[in-house]
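Engineer: This is the content of data15.txt (compact mmCIF, C-alpha atoms):
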# COMPACT_ATOMS: atom_id res chain seq x y z
CA MET A 1 -7.25 4.87 -19.71
CA THR A 2 -7.14 8.65 -20.05
CA THR A 3 -6.21 10.30 -23.30
CA THR A 4 -4.40 13.60 -23.23
CA PRO A 5 -6.45 16.35 -24.95
CA PRO A 6 -4.91 17.28 -28.34
CA GLN A 7 -3.87 20.80 -27.28
CA ASP A 8 -2.05 19.66 -24.12
CA ALA A 9 -0.57 16.78 -26.06
CA GLN A 10 1.17 19.24 -28.36
CA THR A 11 2.63 21.55 -25.73
CA ARG A 12 4.36 18.77 -23.82
CA VAL A 13 8.11 18.39 -24.17
CA PRO A 14 8.90 14.69 -24.36
CA SER A 15 12.20 13.02 -23.59
CA LEU A 16 13.35 9.43 -23.27
CA ALA A 17 13.09 8.13 -19.71
CA ARG A 18 16.29 7.03 -18.03
CA GLY A 19 17.06 3.44 -18.95
CA TYR A 20 15.78 3.92 -22.52
CA ARG A 21 18.11 4.82 -25.37
CA LEU A 22 17.51 5.40 -29.06
CA GLN A 23 20.16 3.90 -31.28
CA HIS A 24 20.94 2.58 -34.71
CA ASP A 25 21.90 -1.08 -34.90
CA LYS A 26 24.53 -1.11 -37.61
CA VAL A 27 24.76 -4.91 -37.87
CA ARG A 28 21.02 -5.37 -38.55
CA ASP A 29 20.55 -1.91 -40.06
CA LEU A 30 17.57 -0.92 -37.96
CA TRP A 31 16.64 1.65 -35.35
CA LEU A 32 15.64 0.61 -31.87
CA ILE A 33 15.08 1.77 -28.33
CA GLN A 34 17.22 -0.11 -25.86
CA ALA A 35 15.22 -0.82 -22.71
CA PRO A 36 15.51 -2.94 -19.57
CA GLU A 37 15.76 -6.56 -20.73
CA LYS A 38 14.58 -5.79 -24.25
CA ALA A 39 14.96 -3.70 -27.38
CA LEU A 40 11.95 -2.04 -29.01
CA ILE A 41 12.36 -2.18 -32.78
CA LEU A 42 11.23 1.01 -34.55
CA GLU A 43 9.59 0.93 -37.93
CA GLY A 44 8.35 3.39 -40.54
CA ALA A 45 8.59 7.04 -39.50
CA ALA A 46 9.28 6.23 -35.83
CA PRO A 47 13.08 6.73 -35.96
CA GLU A 48 12.71 10.10 -37.72
CA ILE A 49 10.19 11.25 -35.11
CA LEU A 50 12.24 10.04 -32.16
CA ARG A 51 15.43 11.67 -33.38
CA LEU A 52 13.67 14.96 -32.74
CA VAL A 53 12.71 13.97 -29.18
CA ASP A 54 15.43 15.66 -27.18
CA GLY A 55 13.84 17.08 -24.04
CA GLU A 56 13.84 20.57 -25.59
CA ARG A 57 11.46 20.47 -28.54
CA SER A 58 7.73 20.43 -27.82
CA VAL A 59 5.48 17.97 -29.65
CA SER A 60 4.17 20.89 -31.68
CA THR A 61 7.71 21.86 -32.77
CA ILE A 62 8.44 18.26 -33.71
CA ILE A 63 5.30 18.12 -35.86
CA ASP A 64 6.20 21.40 -37.57
CA ALA A 65 9.72 20.19 -38.32
CA LEU A 66 8.47 16.94 -39.87
CA SER A 67 5.73 18.70 -41.77
CA THR A 68 8.30 21.02 -43.37
CA ARG A 69 10.83 18.26 -44.00
CA TYR A 70 8.37 15.99 -45.80
CA ASP A 71 6.19 18.75 -47.26
CA ALA A 72 3.18 16.94 -45.80
CA PRO A 73 -0.04 18.27 -44.21
CA ARG A 74 0.32 18.94 -40.51
CA GLU A 75 -2.80 16.88 -39.65
CA LEU A 76 -1.34 13.77 -41.24
CA ILE A 77 1.94 14.09 -39.34
CA THR A 78 0.16 14.94 -36.07
CA ASP A 79 -1.65 11.64 -36.02
CA ASP A 80 1.53 9.60 -36.55
CA VAL A 81 3.48 11.54 -33.95
CA LEU A 82 0.81 11.41 -31.23
CA THR A 83 0.16 7.71 -31.76
CA LEU A 84 3.85 6.88 -31.43
CA LEU A 85 4.46 9.13 -28.43
CA ASN A 86 1.38 7.83 -26.58
CA ASP A 87 2.40 4.26 -27.22
CA LEU A 88 5.94 4.83 -25.93
CA THR A 89 4.68 6.76 -22.91
CA GLU A 90 2.48 3.82 -21.98
CA LYS A 91 5.49 1.54 -22.28
CA GLY A 92 7.41 3.78 -19.87
CA ALA A 93 9.96 4.78 -22.50
CA LEU A 94 8.98 8.47 -22.57
CA ARG A 95 8.36 11.02 -19.86
CA ALA A 96 6.54 14.36 -19.81
CA MET B 1 21.30 -22.50 -42.25
CA THR B 2 22.01 -18.81 -41.84
CA ILE B 3 23.17 -18.00 -38.36
CA ALA B 4 21.90 -14.69 -36.99
CA ALA B 5 24.08 -12.45 -34.85
CA PRO B 6 23.63 -12.73 -31.07
CA MET B 7 21.57 -10.11 -29.22
CA SER B 8 22.67 -10.42 -25.64
CA LEU B 9 25.72 -11.26 -23.55
CA LEU B 10 25.66 -12.53 -19.98
CA ALA B 11 29.07 -11.63 -18.58
CA GLU B 12 29.71 -13.66 -15.45
CA LEU B 13 32.62 -11.61 -14.16
CA THR B 14 33.30 -13.69 -11.07
CA HIS B 15 31.90 -16.58 -9.08
CA ARG B 16 32.84 -14.88 -5.81
CA CYS B 17 29.71 -13.85 -3.90
CA PRO B 18 28.91 -12.86 -0.31
CA LEU B 19 25.70 -14.91 -0.53
CA ALA B 20 25.41 -18.70 -0.72
CA CYS B 21 21.95 -19.06 -2.25
CA VAL B 22 20.67 -22.61 -2.34
CA TYR B 23 18.90 -21.99 -5.67
CA CYS B 24 21.98 -20.63 -7.47
CA SER B 25 22.29 -21.88 -11.03
CA ASN B 26 26.06 -21.42 -11.14
CA PRO B 27 27.97 -24.67 -11.70
CA LEU B 28 28.90 -26.82 -8.71
CA GLN B 29 32.56 -26.38 -9.71
CA LEU B 30 32.91 -22.66 -9.06
CA GLU B 31 35.82 -20.82 -10.67
CA ARG B 32 38.27 -19.24 -8.26
CA ARG B 33 39.64 -15.72 -8.34
CA ALA B 34 43.00 -16.81 -9.77
CA ALA B 35 41.22 -18.20 -12.84
CA GLU B 36 39.28 -14.99 -13.55
CA MET B 37 39.85 -13.18 -16.82
CA SER B 38 41.86 -9.94 -16.76
CA THR B 39 40.34 -6.50 -17.21
CA GLU B 40 42.17 -6.17 -20.52
CA ASN B 41 40.59 -9.33 -21.91
CA TRP B 42 37.11 -8.33 -20.77
CA LEU B 43 37.57 -4.97 -22.53
CA LYS B 44 38.60 -6.77 -25.72
CA THR B 45 35.65 -9.12 -25.38
CA LEU B 46 33.25 -6.18 -25.13
CA ASP B 47 34.77 -4.72 -28.32
CA GLN B 48 34.12 -8.00 -30.12
CA ALA B 49 30.60 -8.28 -28.71
CA ALA B 50 29.60 -4.83 -30.00
CA GLU B 51 31.23 -5.51 -33.35
CA MET B 52 29.17 -8.70 -33.77
CA GLY B 53 25.86 -6.97 -33.09
CA ILE B 54 25.29 -7.74 -29.43
CA LEU B 55 23.00 -5.04 -28.01
CA GLN B 56 22.90 -5.67 -24.29
CA VAL B 57 25.44 -6.79 -21.71
CA HIS B 58 24.28 -8.20 -18.40
CA PHE B 59 27.06 -8.00 -15.83
CA SER B 60 26.49 -10.88 -13.49
CA GLY B 61 28.29 -13.53 -11.49
CA GLY B 62 28.57 -14.49 -8.64
CA GLU B 63 28.53 -10.93 -7.41
CA PRO B 64 29.90 -8.70 -10.19
CA MET B 65 30.56 -5.87 -7.73
CA ALA B 66 33.33 -8.05 -6.24
CA ARG B 67 35.37 -7.01 -9.32
CA PRO B 68 36.97 -3.58 -8.74
CA ASP B 69 37.14 -3.03 -12.52
CA LEU B 70 33.33 -3.13 -12.91
CA PRO B 71 32.96 0.66 -13.44
CA GLN B 72 35.71 0.53 -16.08
CA LEU B 73 33.95 -2.31 -17.92
CA ILE B 74 30.61 -0.49 -17.81
CA ARG B 75 32.14 2.74 -19.08
CA HIS B 76 33.74 0.87 -21.96
CA ALA B 77 30.52 -0.97 -22.82
CA ARG B 78 28.63 2.34 -22.88
CA SER B 79 31.25 3.88 -25.16
CA LEU B 80 30.46 1.02 -27.58
CA ASN B 81 26.72 1.80 -27.36
CA LEU B 82 26.04 -1.44 -25.48
CA TYR B 83 23.15 -1.37 -23.02
CA THR B 84 24.54 -2.09 -19.55
CA ASN B 85 22.58 -4.02 -16.95
CA LEU B 86 23.94 -4.95 -13.53
CA ILE B 87 22.58 -8.05 -11.80
CA THR B 88 23.59 -7.72 -8.17
CA SER B 89 22.86 -8.90 -4.65
CA GLY B 90 23.37 -5.32 -3.44
CA ILE B 91 25.50 -6.50 -0.53
CA LEU B 92 28.63 -4.65 -1.72
CA LEU B 93 26.67 -1.60 -2.79
CA ASN B 94 27.18 1.65 -0.90
CA LYS B 95 27.08 5.34 -1.74
CA ASP B 96 30.59 5.35 -3.21
CA THR B 97 30.50 2.11 -5.17
CA LEU B 98 27.12 3.05 -6.63
CA ALA B 99 28.27 6.56 -7.57
CA ALA B 100 31.16 5.04 -9.53
CA LEU B 101 28.74 2.81 -11.49
CA ASP B 102 26.38 5.71 -12.12
CA ASP B 103 29.24 7.89 -13.30
CA ALA B 104 30.32 5.11 -15.69
CA GLY B 105 26.87 5.27 -17.33
CA LEU B 106 25.12 2.19 -15.97
CA ASP B 107 21.69 1.90 -17.62
CA HIS B 108 19.77 -0.40 -15.31
CA ILE B 109 20.06 -2.47 -12.12
CA GLN B 110 18.46 -5.77 -11.21
CA LEU B 111 18.63 -6.16 -7.45
CA SER B 112 18.05 -9.65 -6.08
CA PHE B 113 15.97 -10.37 -3.00
CA GLN B 114 15.75 -13.84 -1.50
CA ASP B 115 12.56 -13.10 0.44
CA VAL B 116 10.63 -10.31 2.17
CA THR B 117 11.46 -11.51 5.68
CA ASN B 118 14.89 -11.46 7.34
CA GLU B 119 14.53 -15.11 8.37
CA GLY B 120 13.58 -16.28 4.89
CA ALA B 121 16.36 -14.26 3.27
CA GLU B 122 18.99 -15.64 5.65
CA ARG B 123 17.82 -19.21 5.27
CA ILE B 124 18.06 -19.11 1.47
CA GLY B 125 21.04 -16.75 1.06
CA GLY B 126 23.07 -18.02 4.01
CA LEU B 127 24.25 -14.54 5.04
CA LYS B 128 23.29 -12.85 8.31
CA ASN B 129 21.69 -9.39 8.03
CA ALA B 130 21.61 -9.42 4.26
CA GLN B 131 18.05 -8.04 4.07
CA PRO B 132 18.65 -4.59 5.65
CA ARG B 133 21.66 -4.09 3.37
CA LYS B 134 19.54 -4.88 0.31
CA LEU B 135 16.85 -2.45 1.43
CA GLU B 136 19.50 0.23 1.84
CA ALA B 137 20.89 -0.60 -1.61
CA ALA B 138 17.44 -0.08 -3.14
CA ARG B 139 17.12 3.27 -1.37
CA LEU B 140 20.49 4.46 -2.71
CA ILE B 141 19.63 3.33 -6.25
CA ASN B 142 16.40 5.33 -6.10
CA GLU B 143 18.23 8.36 -4.79
CA LEU B 144 20.35 8.40 -7.95
CA GLY B 145 17.36 7.64 -10.17
CA ILE B 146 18.83 4.53 -11.78
CA PRO B 147 16.02 2.33 -13.19
CA LEU B 148 15.49 -0.62 -10.88
CA THR B 149 14.09 -4.11 -11.23
CA LEU B 150 13.69 -6.31 -8.17
CA ASN B 151 14.43 -9.98 -8.80
CA PHE B 152 12.78 -12.61 -6.63
CA VAL B 153 13.54 -16.28 -7.13
CA VAL B 154 10.55 -18.20 -5.82
CA HIS B 155 10.21 -21.77 -4.56
CA ARG B 156 8.38 -23.97 -2.08
CA GLU B 157 9.44 -21.90 0.95
CA ASN B 158 8.51 -18.37 -0.19
CA ILE B 159 5.70 -18.67 -2.73
CA ALA B 160 3.09 -17.75 -0.12
CA ARG B 161 4.79 -14.35 0.28
CA ILE B 162 4.65 -13.31 -3.40
CA PRO B 163 1.96 -10.66 -2.62
CA ASP B 164 4.37 -9.12 -0.06
CA MET B 165 7.11 -9.13 -2.70
CA PHE B 166 4.94 -6.89 -4.89
CA THR B 167 4.24 -4.62 -1.93
CA LEU B 168 7.96 -4.33 -1.29
CA ALA B 169 8.66 -3.61 -4.97
CA ARG B 170 6.14 -0.74 -4.91
CA GLU B 171 7.53 0.60 -1.63
CA LEU B 172 11.03 0.56 -3.07
CA LYS B 173 9.79 2.33 -6.24
CA ALA B 174 10.98 -0.39 -8.59
CA GLN B 175 9.61 -0.01 -12.11
CA ARG B 176 9.81 -3.72 -12.73
CA VAL B 177 9.75 -6.87 -10.70
CA GLU B 178 10.82 -10.30 -11.81
CA ILE B 179 9.18 -13.30 -10.17
CA ALA B 180 11.24 -16.22 -11.36
CA HIS B 181 10.55 -19.76 -10.33
CA THR B 182 13.75 -21.60 -9.45
CA GLN B 183 15.35 -23.24 -12.46
CA TYR B 184 16.88 -26.56 -11.54
CA TYR B 185 20.51 -26.35 -12.56
CA GLY B 186 23.71 -26.31 -10.50
CA TRP B 187 22.97 -25.74 -6.82
CA GLY B 188 19.25 -25.43 -7.51
CA LEU B 189 19.21 -28.97 -8.87
CA LYS B 190 21.04 -30.23 -5.77
CA ASN B 191 18.33 -28.65 -3.60
CA ARG B 192 15.44 -29.54 -5.84
CA SER B 193 13.46 -31.65 -3.41
CA ALA B 194 13.45 -28.78 -0.89
CA LEU B 195 12.62 -26.08 -3.45
CA LEU B 196 10.27 -27.58 -6.02
CA PRO B 197 6.74 -26.30 -5.33
CA SER B 198 3.57 -28.36 -5.34
CA ARG B 199 1.00 -27.95 -8.10
CA GLU B 200 -1.23 -25.99 -5.67
CA GLN B 201 1.63 -23.63 -4.82
CA LEU B 202 2.32 -23.03 -8.49
CA ASP B 203 -1.36 -22.20 -9.06
CA ASP B 204 -1.21 -19.78 -6.11
CA ALA B 205 1.89 -18.11 -7.55
CA THR B 206 0.27 -17.65 -10.95
CA ARG B 207 -2.88 -16.24 -9.35
CA PHE B 208 -0.85 -13.77 -7.22
CA VAL B 209 0.93 -12.55 -10.34
CA GLU B 210 -2.31 -12.15 -12.32
CA GLU B 211 -3.96 -10.24 -9.47
CA GLU B 212 -1.03 -7.84 -9.29
CA GLN B 213 -0.94 -7.36 -13.07
CA ARG B 214 -4.56 -6.18 -12.94
CA LYS B 215 -3.60 -3.37 -10.53
CA GLY B 216 -1.17 -1.88 -13.09
CA GLY B 217 1.73 0.49 -12.50
CA LEU B 218 4.33 -2.23 -12.05
CA ALA B 219 5.85 -4.20 -14.91
CA ILE B 220 5.98 -7.87 -13.95
CA ASP B 221 8.19 -10.44 -15.59
CA TYR B 222 7.00 -13.92 -14.60
CA VAL B 223 9.33 -16.83 -15.24
CA THR B 224 7.31 -20.03 -14.91
CA PRO B 225 8.68 -23.33 -13.66
CA ASP B 226 8.56 -26.10 -16.18
CA TYR B 227 8.37 -29.24 -14.03
CA HIS B 228 4.58 -28.91 -13.85
CA ALA B 229 4.24 -28.06 -17.53
CA GLU B 230 3.32 -30.34 -20.42
CA THR B 231 5.45 -28.57 -23.00
CA PRO B 232 9.07 -27.49 -22.58
CA LYS B 233 10.30 -23.90 -22.38
CA PRO B 234 12.14 -22.48 -25.41
CA CYS B 235 15.34 -22.50 -23.36
CA MET B 236 17.55 -19.48 -24.23
CA ASP B 237 15.14 -19.03 -27.15
CA GLY B 238 17.07 -21.80 -28.86
CA TRP B 239 20.68 -22.96 -28.59
CA GLY B 240 23.03 -20.46 -30.20
CA ARG B 241 20.21 -18.24 -31.50
CA ARG B 242 20.37 -15.07 -29.38
CA PHE B 243 22.46 -15.48 -26.25
CA ILE B 244 26.09 -15.80 -25.30
CA ASN B 245 27.28 -16.54 -21.80
CA ILE B 246 30.88 -16.01 -20.71
CA THR B 247 32.19 -17.57 -17.48
CA PRO B 248 34.67 -15.82 -15.15
CA SER B 249 37.61 -17.62 -16.80
CA GLY B 250 36.47 -16.65 -20.31
CA ARG B 251 34.74 -19.82 -21.43
CA VAL B 252 32.01 -19.05 -23.93
CA LEU B 253 28.75 -20.97 -23.56
CA PRO B 254 25.30 -21.01 -25.18
CA CYS B 255 23.76 -20.91 -21.67
CA HIS B 256 25.06 -20.61 -18.13
CA ALA B 257 24.64 -24.32 -17.34
CA ALA B 258 26.19 -25.73 -20.52
CA GLU B 259 29.49 -26.76 -18.91
CA ILE B 260 27.83 -29.98 -17.77
CA ILE B 261 27.52 -31.16 -21.42
CA PRO B 262 30.02 -34.03 -21.88
CA ASN B 263 32.31 -34.88 -24.83
CA VAL B 264 32.61 -31.37 -26.25
CA GLY B 265 35.26 -28.67 -25.87
CA PHE B 266 34.47 -25.31 -24.29
CA PRO B 267 36.05 -22.52 -26.33
CA ASN B 268 37.68 -19.62 -24.49
CA VAL B 269 37.58 -16.01 -25.61
CA GLU B 270 41.19 -15.63 -24.42
CA ASP B 271 42.36 -17.68 -27.40
CA THR B 272 39.51 -17.63 -29.97
CA SER B 273 37.45 -14.66 -31.14
CA LEU B 274 33.85 -14.40 -29.99
CA SER B 275 32.71 -14.35 -33.60
CA ASP B 276 34.58 -17.58 -34.48
CA ILE B 277 33.10 -19.23 -31.40
CA TRP B 278 29.55 -18.10 -32.17
CA PHE B 279 29.52 -19.07 -35.83
CA ASP B 280 31.98 -21.96 -36.11
CA SER B 281 32.60 -23.75 -32.80
CA GLU B 282 31.47 -27.32 -32.30
CA LEU B 283 29.78 -26.31 -29.03
CA PHE B 284 27.55 -23.60 -30.52
CA ASN B 285 26.57 -25.78 -33.49
CA LEU B 286 25.90 -28.89 -31.41
CA PHE B 287 22.18 -28.18 -30.82
CA ARG B 288 21.64 -25.22 -33.11
CA GLY B 289 18.51 -25.23 -35.31
CA THR B 290 16.49 -28.44 -35.66
CA ASP B 291 18.76 -30.90 -37.50
CA TRP B 292 20.11 -32.45 -34.29
CA MET B 293 16.63 -33.31 -32.99
CA PRO B 294 15.45 -36.87 -32.26
CA GLU B 295 11.82 -37.96 -32.43
CA PRO B 296 9.30 -36.88 -31.18
CA CYS B 297 10.82 -33.38 -31.68
CA ARG B 298 11.86 -33.87 -35.29
CA SER B 299 8.29 -34.21 -36.57
CA CYS B 300 6.72 -31.91 -33.96
CA PRO B 301 4.94 -28.79 -35.30
CA LYS B 302 6.28 -26.83 -32.31
CA LYS B 303 9.94 -27.56 -32.96
CA GLU B 304 10.67 -23.97 -34.00
CA GLU B 305 8.74 -22.59 -31.03
CA ASP B 306 10.36 -24.47 -28.17
CA TRP B 307 13.55 -25.52 -30.02
CA GLY B 308 13.40 -28.87 -28.27
CA GLY B 309 13.41 -27.34 -24.78
CA CYS B 310 16.47 -27.42 -22.58
CA ARG B 311 19.58 -29.50 -23.35
CA CYS B 312 20.96 -29.23 -19.81
CA GLN B 313 17.67 -30.43 -18.37
CA ALA B 314 17.59 -33.36 -20.80
CA LEU B 315 21.09 -34.27 -19.62
CA ALA B 316 20.36 -33.83 -15.93
CA LEU B 317 17.15 -35.89 -15.98
CA THR B 318 17.75 -38.46 -18.73
CA GLY B 319 21.54 -38.73 -18.92
CA ASN B 320 21.71 -37.57 -22.55
CA ALA B 321 21.72 -33.92 -23.64
CA ALA B 322 20.45 -34.86 -27.11
CA ASN B 323 17.22 -36.39 -25.80
CA THR B 324 13.90 -34.59 -25.99
CA ASP B 325 13.48 -32.38 -22.93
CA PRO B 326 11.65 -34.76 -20.54
CA ILE B 327 9.34 -31.92 -19.48
CA CYS B 328 7.49 -32.57 -22.75
CA SER B 329 4.58 -34.94 -22.22
CA LYS B 330 5.53 -36.60 -25.53
CA SER B 331 8.98 -37.51 -24.20
CA PRO B 332 9.40 -41.26 -23.61
CA LEU B 333 11.26 -40.26 -20.41
CA HIS B 334 8.61 -37.86 -19.04
CA HIS B 335 8.32 -40.11 -15.95
CA THR B 336 11.66 -38.71 -14.68
CA VAL B 337 9.85 -35.41 -14.10
CA ASP B 338 6.93 -37.12 -12.35
CA GLN B 339 9.45 -38.83 -10.09
CA ALA B 340 11.03 -35.47 -9.15
CA LEU B 341 7.58 -34.04 -8.38
CA LYS B 342 6.83 -36.98 -6.10
CA GLU B 343 10.06 -36.42 -4.16
CA ALA B 344 9.40 -32.68 -3.74
CA GLY B 345 9.02 -31.48 -0.18
CA LYS B 346 10.29 -34.71 1.38
CA ASN B 347 13.53 -33.17 2.72
CA PRO B 348 12.73 -29.52 3.45
CA THR B 349 15.37 -28.85 6.11
CA ASP B 350 18.30 -30.37 4.31
CA LEU B 351 19.70 -27.46 2.27
CA LEU B 352 23.06 -27.48 0.51
CA TYR B 353 24.59 -23.98 0.39
CA ARG B 354 26.54 -22.65 -2.58
CA ARG B 355 30.16 -22.57 -1.47
CA PHE B 356 33.59 -22.96 -3.06
Before we go any further, please render this structure as C-alpha cells.
Structural biologist:
Amino acid sequence: MTTTPPQDAQTRVPSLARGYRLQHDKVRDLWLIQAPEKALILEGAAPEILRLVDGERSVSTIIDALSTRYDAPRELITDDVLTLLNDLTEKGALRA
Amino acid sequence: MTIAAPMSLLAELTHRCPLACVYCSNPLQLERRAAEMSTENWLKTLDQAAEMGILQVHFSGGEPMARPDLPQLIRHARSLNLYTNLITSGILLNKDTLAALDDAGLDHIQLSFQDVTNEGAERIGGLKNAQPRKLEAARLINELGIPLTLNFVVHRENIARIPDMFTLARELKAQRVEIAHTQYYGWGLKNRSALLPSREQLDDATRFVEEEQRKGGLAIDYVTPDYHAETPKPCMDGWGRRFINITPSGRVLPCHAAEIIPNVGFPNVEDTSLSDIWFDSELFNLFRGTDWMPEPCRSCPKKEEDWGGCRCQALALTGNAANTDPICSKSPLHHTVDQALKEAGKNPTDLLYRRF
C-alpha cells in the first residue's frame, strides 16, 4: 500500500464519492455515511471533520478550520484528519 | 425485550418481470398487477419508513422498472434522506428510463446477470437475447456515473464460470460484485435438484472468490450456500431485527419468503401503520429474539449469533417453522439436508420457469 506524502495529502480537495452520503440519523442520534448495501457509523470527531468535506476545501483548510474551532494544536488535528480521510478513501467513500 | 428500529426496507414493487429465472426466490403464488399497491400508498409507506428510522430502501420485485412511478418513488425517498438502491434485470433500461431515475436521485444500482454466456443466461432467465441488453444497460449506467454492483446468482450450472464473472465485472467498471449462491425458496426450491452444487463445486466457488479478492480493486460480496454448512446462517440477521419486506400488494413481512408460514396473519400497510406492524404484530413477534426457540437452540451459545437460522427453511425441510434450522448439525432433522444433497444433480434438464 502506498501512503500519500504529508504535503500532497494536505493540498488535496476531498469529496464524497457518488453513492456515499453523510447524514444524521435522527432516530438513533448518530452520524453515518450511507453507502451501497451498508451504513458506516461515524464516531468521535469524524462527523465534524466530514461536515467540512465539500469538494471545495482542501485538507489543509479543513485542518485550519478545526484547529481554530477547537483551539487545538494543528499537529494533533492533522493526525486525526489524515487517518480518517485515508481510511475512507480506502473504503471507496472519498475521492481526490 | 426492547425492539430496535429497522434499518432497511426491501420494497417489492411488482412481481411482473420480463425474465423467468429458475432460481427466483419470489413466492410461487405471484401477485398480479391488479393487486399492486397504488403510488399514493407507496409514497405514504416511504414516509412511515423514514419516520421509523429505516435508512435504506431497496426497490426490487419482480422487475421494479415495470412500474412507471419508479422515478417518483425514488425522488420521494431521496427527499426523506433514504438511501435508494435499485435491484434490476436491466431489460427495461434504456437511455430515457435511466435518465429519469438518475434525475430522481438514485444512489446505486444492482444489475443482475444470470451468466456470462448468452446460452447460460437464456437457459436460466428464460428470455431470448437478454444478455446483450444487460451489457448495454451496464454501459449506460457507467456513462451516467451511477455506482454499479453486478449481481450473479450462482448454482450447479454456472459455478465454473465465476472467474469470467469477475472479468466481466471489471470490464463493465462495476465497483462491486455480488456472488450469491442460490437460496432455496420459492422457485429456487422447486428447482433445487438442478441447481444445488456439489461439495467440490462449492469449494471451487470459494477458491475463485478468494483468488479474486487477493487481486484487489473490486469489492466482492460473497453469499455462501448453507446446505453444505454445519451451522445455519443468521437469516435476515434475526427475525424482525433489522429488515422489513413489503410485497407488491402491501403485505409486510420479516423476509421475502415468509408468506409460506402457516397459521398467522400477514399485516398490510394499506390498513395498519408500518410502525404498528414492526413493533406489535403477531407475525413480527412470532420468532423475534430467542424466547420462541426449541432445543438445541435454546441452550446453544450461538443463539444470538445465528438467531436459530432460517424459519422458512425449517418449514420447507421439516414441516414446522419453529423447528431448529435443519442446516445445523445439531438439528435432529439434519438428515433432510443430507437427503437434498444426495438428490442434487439427478434431474439437470428439468427446469421449472418462474411464470404467473
Engineer: Kindly determine which residues of chain B lie within 8 Å of chain A, considering only C-alpha atoms, and give the answer as a list in words.
Structural biologist: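 Written out as asked, the residues are Glu51, Met52, Gly53, Leu55, Asn81, Tyr83, Asn85, Asp107, His108, Gly145, Ile146 and Pro147 of chain B.
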Engineer: With all atoms listed in the file as the counted atoms, please give the residues lying no more than 8 Å from A:Pro47, apart from itself and same-chain residues fewer than 5 positions off, as a list in words.
Structural biologist: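 Residues near the query, excluding close chain neighbours: Trp31, Leu32 and Leu42 of chain A.
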Engineer: Just give me the gap between atom CA of B:Ile74 and atom CA of B:Thr88 in Å, one decimal is fine.
Structural biologist: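 Pair atom CA of B:Ile74 / atom CA of B:Thr88 returns 13.9 Å.
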Engineer: How far is it from atom CA of B:Asn142 to atom CA of B:Asp115, in Å with one decimal?
Structural biologist: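 A separation of 19.9 Å between them.
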Engineer: Would you mind reading off the distance between atom CA of B:Ala4 and atom CA of B:Pro326, one decimal, in Å?
Structural biologist: 27.9 Å
Engineer: Which one is closest to B:Val209: B:Met37, B:Leu286, B:Ala137, B:Val177? Count all atoms listed in the file.
Structural biologist: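 Smallest separation from B:Val209 among the options: B:Val177.
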Engineer: Need to verify the contact set: B:Pro71, 12 Å, all atoms listed in the file, exclusion of same-chain residues closer than 3 positions in sequence. Can you return it as a compact mmCIF listing (two decimals) with C-alpha atoms, in the coordinates of the input?
Structural biologist:
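Listing of part-v4.txt after writing:
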# COMPACT_ATOMS: atom_id res chain seq x y z
CA THR B 39 40.34 -6.50 -17.21
CA LEU B 43 37.57 -4.97 -22.53
CA PHE B 59 27.06 -8.00 -15.83
CA PRO B 64 29.90 -8.70 -10.19
CA MET B 65 30.56 -5.87 -7.73
CA ALA B 66 33.33 -8.05 -6.24
CA ARG B 67 35.37 -7.01 -9.32
CA PRO B 68 36.97 -3.58 -8.74
CA ILE B 74 30.61 -0.49 -17.81
CA ARG B 75 32.14 2.74 -19.08
CA HIS B 76 33.74 0.87 -21.96
CA ALA B 77 30.52 -0.97 -22.82
CA ARG B 78 28.63 2.34 -22.88
CA THR B 84 24.54 -2.09 -19.55
CA ASN B 85 22.58 -4.02 -16.95
CA LEU B 86 23.94 -4.95 -13.53
CA ASP B 96 30.59 5.35 -3.21
CA THR B 97 30.50 2.11 -5.17
CA LEU B 98 27.12 3.05 -6.63
CA ALA B 99 28.27 6.56 -7.57
CA ALA B 100 31.16 5.04 -9.53
CA LEU B 101 28.74 2.81 -11.49
CA ASP B 102 26.38 5.71 -12.12
CA ASP B 103 29.24 7.89 -13.30
CA ALA B 104 30.32 5.11 -15.69
CA GLY B 105 26.87 5.27 -17.33
CA LEU B 106 25.12 2.19 -15.97
Engineer: For A:Gly44, find every residue with an atom within 12 Å (counting all atoms listed in the file), except residues of its own chain fewer than 5 positions away, and show them as a ChimeraX atom specification.
Structural biologist: /A:30-32,49-50,80-81,84
